[in-house]
Amino acid sequence: MSKEELRKRIERNPQLKKDFDFLIAKTGLTPEQFLTGLRLDCNLMKADRQTLLSKERAELWPISEDTLRRTVKNIRRVAGQIEATNKTEFAPALPKNIETDFAGLPETLRSYARKLERRVDIRALYWKRKKSRIATSVAKTRRHSLYERIRSSTGGYHQARLLRLVNAAREVEGLPKIEQRAFTIWLNRLEKRRKETQSK
């Protein structure tokens, strides 16, 4: 639906139509391919490695790994302290019906710490793999983006034309417009990363 809406918006605006036709002619893409690229890549500025890592980290680690590991350590320390206290006259006098529960508290805490540590270890291993895949995925997305197709076909990004079309796509997608300065900075970074990748 939004691709059709974008097509109509471009058709109705003489400047957008001119930009669209110019870039279609330069890239050799079909209008359908170009519209699809615009829709998919209009928010590519947000698809940088750090942003995606932060988002994924927040979802995977609602409590940070370091905090969880400190918690495990603290639980074990407390279990040892309770066990030591229970062997002295400072051990609280407890009603007979719950005394056995408190006597077993250090072992219960150690068991909790082991299970928590195991979950953290599993999540940490998964996160390590996921982090490397995110970096690869971001690089691949950029390599196959509409921006890169325009640059490789024409030798440049045709920034003013591209920004007008990207902003039209963003409006259709319900995203805010990108300012010229921000777009310039982002394209410069994109170009710098591309050159760094090529030189490796």
# chains A, B, ... in the order shown; residues from 1 in each chain; ligands from 1
>>> residues_around(residues="A:His144", least_positions_apart="6", cutoff="12 Å", atoms="only C-alpha atoms", output="list in words")
Gly37, Leu40, Asp41, Leu44, Ser137, Val138, Ile150, Arg151, Ser152 and Arg194 of chain A
>>> write_last_selection(atoms="N, CA and C atoms", output="PDB file, in the first residue's frame")
ATOM      1  N   GLY A  37      13.455  -0.039  -3.251  1.00  0.00           N
ATOM      2  CA  GLY A  37      14.687   0.414  -2.589  1.00  0.00           C
ATOM      3  C   GLY A  37      14.457   1.643  -1.728  1.00  0.00           C
ATOM      4  N   LEU A  40      12.543   0.521   1.432  1.00  0.00           N
ATOM      5  CA  LEU A  40      13.356  -0.274   2.350  1.00  0.00           C
ATOM      6  C   LEU A  40      14.485   0.541   2.984  1.00  0.00           C
ATOM      7  N   ASP A  41      15.049   1.462   2.217  1.00  0.00           N
ATOM      8  CA  ASP A  41      16.248   2.166   2.677  1.00  0.00           C
ATOM      9  C   ASP A  41      16.002   3.572   3.207  1.00  0.00           C
ATOM     10  N   LEU A  44      17.560   3.937   6.536  1.00  0.00           N
ATOM     11  CA  LEU A  44      18.867   3.288   6.646  1.00  0.00           C
ATOM     12  C   LEU A  44      19.818   4.053   7.570  1.00  0.00           C
ATOM     13  N   SER A 137      25.591  -8.027   9.061  1.00  0.00           N
ATOM     14  CA  SER A 137      24.301  -7.687   8.473  1.00  0.00           C
ATOM     15  C   SER A 137      24.231  -6.215   8.068  1.00  0.00           C
ATOM     16  N   VAL A 138      24.747  -5.337   8.925  1.00  0.00           N
ATOM     17  CA  VAL A 138      24.751  -3.896   8.622  1.00  0.00           C
ATOM     18  C   VAL A 138      25.602  -3.633   7.388  1.00  0.00           C
ATOM     19  N   ILE A 150      23.060   3.636  -6.461  1.00  0.00           N
ATOM     20  CA  ILE A 150      23.157   4.940  -7.143  1.00  0.00           C
ATOM     21  C   ILE A 150      24.620   5.350  -7.268  1.00  0.00           C
ATOM     22  N   ARG A 151      25.376   5.234  -6.174  1.00  0.00           N
ATOM     23  CA  ARG A 151      26.780   5.634  -6.198  1.00  0.00           C
ATOM     24  C   ARG A 151      27.582   4.815  -7.198  1.00  0.00           C
ATOM     25  N   SER A 152      27.379   3.496  -7.191  1.00  0.00           N
ATOM     26  CA  SER A 152      28.164   2.644  -8.091  1.00  0.00           C
ATOM     27  C   SER A 152      27.775   2.844  -9.554  1.00  0.00           C
ATOM     28  N   ARG A 194      32.637   2.769   3.225  1.00  0.00           N
ATOM     29  CA  ARG A 194      32.776   2.000   1.979  1.00  0.00           C
ATOM     30  C   ARG A 194      34.238   1.938   1.567  1.00  0.00           C
TER      31      ARG A 194
END
>>> select_by_dssp(residues="stretch 78-184 of chain A", states="helix (DSSP H, G or I)", output="ChimeraX atom specification")
/A:78-86,96-103,105-143,146-154,159-172,180-184
>>> closest_residue(among="A:Arg77, A:Arg114, A:Arg49, A:Lys177", to="A:Thr136", atoms="only C-alpha atoms")
A:Arg49
>>> closest_residue(among="A:His158, A:Arg110, A:Arg39, A:Arg143", to="A:Gln81", atoms="only C-alpha atoms")
A:Arg110
>>> atom_distance(atom1="atom CA of A:Thr141", atom2="atom CA of A:Leu53")
15.1 Å
>>> closest_atom_pairs(of="stretch 29-146 of chain A", to="stretch 13-25 of chain A", cutoff="8 Å", atoms="only C-alpha atoms", output="tab-separated table")
residue	atom	partner	partner_atom	distance
A:Leu29	CA	A:Ile24	CA	5.6
A:Thr30	CA	A:Ile24	CA	6.7
A:Pro31	CA	A:Ile24	CA	6.6
A:Phe34	CA	A:Ile24	CA	7.1
>>> closest_residue(among="A:Lys115, A:Leu38, A:Thr67, A:Lys131", to="A:Leu52", atoms="only C-alpha atoms")
A:Lys131
>>> atom_distance(atom1="atom CA of A:Asn188", atom2="atom CA of A:Val166")
16.4 Å
>>> closest_residue(among="A:Leu187, A:Leu6, A:Leu163, A:Ile122", to="A:Arg142", atoms="only C-alpha atoms")
A:Leu187
>>> residues_around(residues="A:Arg118", least_positions_apart="6", cutoff="12 Å", atoms="only C-alpha atoms", output="number ranges by chain")
A: 68-69, 72, 111-112, 124-125
>>> closest_residue(among="A:Arg181, A:Lys26, A:Arg123, A:Arg9", to="A:Ile63", atoms="only C-alpha atoms")
A:Arg123
>>> closest_residue(among="A:Glu56, A:Glu65, A:Glu171, A:Glu179", to="A:Glu5", atoms="only C-alpha atoms")
A:Glu171
